[in-house]
Amino acid sequence: MGLLGILIGLGLLLFLAFRGWSILLLAPAAALVAAAFAGEPLLAHWTQTFMSNAASFIAQFFPLFLLGALFGKLMDDSGSVTVIADEMTRRLGEKRAILAVVLAGAIVTYGGVSLFVAFFVLAPMAQALFRAAGIPRRLMPAAIALGTSTFTMSAMPGTPAIQNAIPMPFFGTTPFAAPGLGIIASAVMLGFGMWWLNRAERIARSRGEGFGDTLIVDAAQVADDEFIRERATGSHEFDTAELTHGAHSSKGPPLWAAALPLVVVVAVNLVMSLVVLPRLDVSFLAEVRFGETSLSAVGGVWSVATALAAAILVLIGLNFSRLPNLRSSMDAGANASVLPAFSVASLVGFGAVVAAMPAFELVRTWVLGIEGGPLVSLAVATNILAALTGSASGGLTIALDALGASYMTLAAEIGLEPALMHRVAVIGSGTLDSLPHNGAVVTLLAVCGSTHAKSYFDIVMVAVVSALLALVAVIVIGSAVGSF
């Protein structure tokens, strides 16, 4: 009955979440259903298991949600994201329209801008380029997804994406874990994705297929859509409703000023991770008042948080006169972080209740016993949970909460490097999360004026298949030569 309860609870969560119900309501309800079938105390699991684990997630990662959303909103309102996108359009032009969209998305998201902010800036740019070049509208979502939601989210060393931060407390790693393998995985994703999109463009031209309809998407209406908002907030770190709040600059900054905050994010993250933090005396962290923790458990989050905070200060300093209402923009950015953080935390709480069920031991034994070793089983676990929750961050945290300690024990026994597990876990979480019910997919299709029927297959090829190929490459190479 316990296993049946887990399946029913999960099914309830998936079905109602797909229909737009709030995760804040669904996750505790589904957890209590699972507990009820197992004959476990309901109130204890709600207040002690569910809430304590959800609160732990907030305590660890809310600074990154807050600073990431704030940075993305300020980059948008200052016009910096638009300036970078326009520069890519000018340099590459309609002859390389697909590459321009992909690279523009990659630059801003690797620099710390939320992919939802990037969606709403890149979609109009892609529409203008694709229409001028005669490339079908249906390829717009895949091109934007390749640049924003693949290698810069899960593979590029040092990416400030929340998914790259989640394994750090579990494995004691940094944002730059396994940099060589991350670069290889990025090359596989980008290479395969570009090959697929260029192939699709050639086939469309041979058939005489042009851009298509003249639909004009109302971005503000998409951002305020309650169904899209509920779906989106459980999958990434920005509440789309806040995109229409704040005040946008009437004139963007020079290119160097637009790009400098992105450079600051990467540079400060690198210096903090590899130079500053390793040299600090942080023995005070062992004290009770600081949670009796260690630098390996908090250093990664500190690095990313410091990088984002520094970039925000640089951004405000460079664009103070271009931000017509700084307080309003900052309020909107801060507000944009709250619902996503609590939605993902609720998924984590649900996973904690499921993991506490006696029947979950069967699942744990099955996962750890998957043929191919711990890297394969870790990849399978993160893939499955990200697919079921429709959230890379939620699925990854649930997997590591339930199995992270077991993987660390296995790694110590066989000499497997935590950095390698970090990179496999992050890439694994960013593969099957892009199923049809994923909030980012739903939002991207809406803002591009397309549908699942027209565009989803190409999204699968560039966001799922390319990531799976990269994951296989990392597992094979990492198993043979270790982390580098």
# chains A, B, ... in the order shown; residues from 1 in each chain; ligands from 1
>>> residues_around(residues="A:Gln127", least_positions_apart="2", cutoff="8 Å", atoms="only C-alpha atoms", output="list in words")
Ala123, Pro124, Met125, Leu129, Phe130, Arg131, Arg137, Met140 and Cys448 of chain A
>>> write_last_selection(atoms="C-alpha atoms", output="PDB file, in the first residue's frame")
ATOM      1  CA  ALA A 123      11.251  36.233 -29.016  1.00  0.00           C
ATOM      2  CA  PRO A 124      10.677  39.606 -30.774  1.00  0.00           C
ATOM      3  CA  MET A 125      14.279  39.567 -32.002  1.00  0.00           C
ATOM      4  CA  LEU A 129      15.164  37.831 -37.964  1.00  0.00           C
ATOM      5  CA  PHE A 130      13.264  34.710 -38.956  1.00  0.00           C
ATOM      6  CA  ARG A 131      10.682  36.674 -40.931  1.00  0.00           C
ATOM      7  CA  ARG A 137       8.177  30.559 -37.036  1.00  0.00           C
ATOM      8  CA  MET A 140      11.881  29.947 -33.099  1.00  0.00           C
ATOM      9  CA  CYS A 448       6.796  32.686 -29.708  1.00  0.00           C
TER      10      CYS A 448
END
>>> residues_around(residues="stretch 403-408 of chain A", least_positions_apart="6", cutoff="8 Å", atoms="only C-alpha atoms", output="ChimeraX atom specification")
/A:170-171,364,374,378,418
>>> residues_around(residues="A:Glu226", least_positions_apart="6", cutoff="10 Å", atoms="only C-alpha atoms", output="list in words")
Gly20, Trp21, Ala232, Thr240 and Ala241 of chain A
>>> select_by_dssp(residues="stretch 264-482 of chain A", states="alpha helix (DSSP H)", output="JSON, numbers by chain")
{"A": [264, 265, 266, 267, 268, 269, 270, 271, 277, 278, 279, 295, 296, 297, 298, 299, 300, 301, 302, 303, 304, 305, 306, 307, 308, 309, 310, 311, 312, 313, 314, 315, 316, 317, 318, 319, 326, 327, 328, 329, 330, 331, 332, 333, 334, 335, 336, 337, 338, 339, 340, 341, 342, 343, 344, 345, 346, 347, 348, 349, 350, 351, 352, 353, 354, 355, 356, 360, 361, 362, 363, 364, 365, 366, 367, 368, 374, 375, 376, 377, 378, 379, 380, 381, 382, 383, 384, 385, 386, 387, 388, 389, 392, 393, 394, 395, 396, 397, 398, 399, 400, 401, 402, 403, 404, 405, 406, 407, 408, 409, 410, 411, 412, 413, 414, 418, 419, 420, 421, 422, 423, 424, 425, 426, 427, 428, 429, 439, 440, 441, 442, 443, 444, 445, 446, 447, 448, 452, 453, 454, 455, 456, 457, 458, 459, 466, 467, 468, 469, 470, 471, 472, 473, 474, 475, 476, 477, 478, 479, 480, 481]}
>>> closest_atom_pairs(of="stretch 88-181 of chain A", to="stretch 41-61 of chain A", cutoff="10 Å", atoms="only C-alpha atoms", output="CSV")
residue,atom,partner,partner_atom,distance
A:Ile162,CA,A:Phe61,CA,8.0
A:Ala165,CA,A:Phe61,CA,8.2
A:Ile166,CA,A:Phe61,CA,7.8
A:Pro169,CA,A:Gln60,CA,8.6
>>> residues_around(residues="A:Phe62", least_positions_apart="5", cutoff="9 Å", atoms="only C-alpha atoms", output="PyMOL selection string")
chain A and resi 57+67+337-338+341-342
>>> write_last_selection(atoms="C-alpha atoms", output="PDB file, in the first residue's frame")
ATOM      1  CA  PHE A  57      15.816  24.363   0.755  1.00  0.00           C
ATOM      2  CA  LEU A  67      19.715  37.806  -6.423  1.00  0.00           C
ATOM      3  CA  SER A 337      11.909  35.313  -6.791  1.00  0.00           C
ATOM      4  CA  VAL A 338       9.397  34.415  -4.094  1.00  0.00           C
ATOM      5  CA  ALA A 341      11.499  29.589  -4.653  1.00  0.00           C
ATOM      6  CA  PHE A 342       8.529  28.442  -2.578  1.00  0.00           C
TER       7      PHE A 342
END
>>> closest_residue(among="A:Leu339, A:Ala17, A:Ala29, A:Ile144", to="A:Ala85", atoms="only C-alpha atoms")
A:Ile144
>>> residues_around(residues="stretch 436-447 of chain A", least_positions_apart="2", cutoff="9 Å", atoms="only C-alpha atoms", output="PyMOL selection string")
chain A and resi 14+17-18+115-116+119-120+123-124+140-141+144-145+149+217-219+222-223+228-236+240+387+389-391+433-434+449-452+455-456+459
>>> atom_distance(atom1="atom CA of A:Arg327", atom2="atom CA of A:Val301")
25.9 Å
>>> closest_residue(among="A:Ala34, A:Ala118, A:Leu99, A:Leu25", to="A:Val353", atoms="only C-alpha atoms")
A:Ala34
>>> closest_residue(among="A:Ile414, A:Val460, A:Ala352, A:Ile107", to="A:Leu400", atoms="only C-alpha atoms")
A:Ala352
>>> residues_around(residues="A:Ala305", least_positions_apart="2", cutoff="12 Å", atoms="only C-alpha atoms", output="VMD selection string")
chain A and resid 60 to 71 112 160 to 162 165 175 265 to 266 268 to 269 272 to 273 298 to 303 307 to 312
>>> closest_residue(among="A:Ser346, A:Gly482, A:Phe211, A:Thr174", to="A:Gly415", atoms="only C-alpha atoms")
A:Gly482
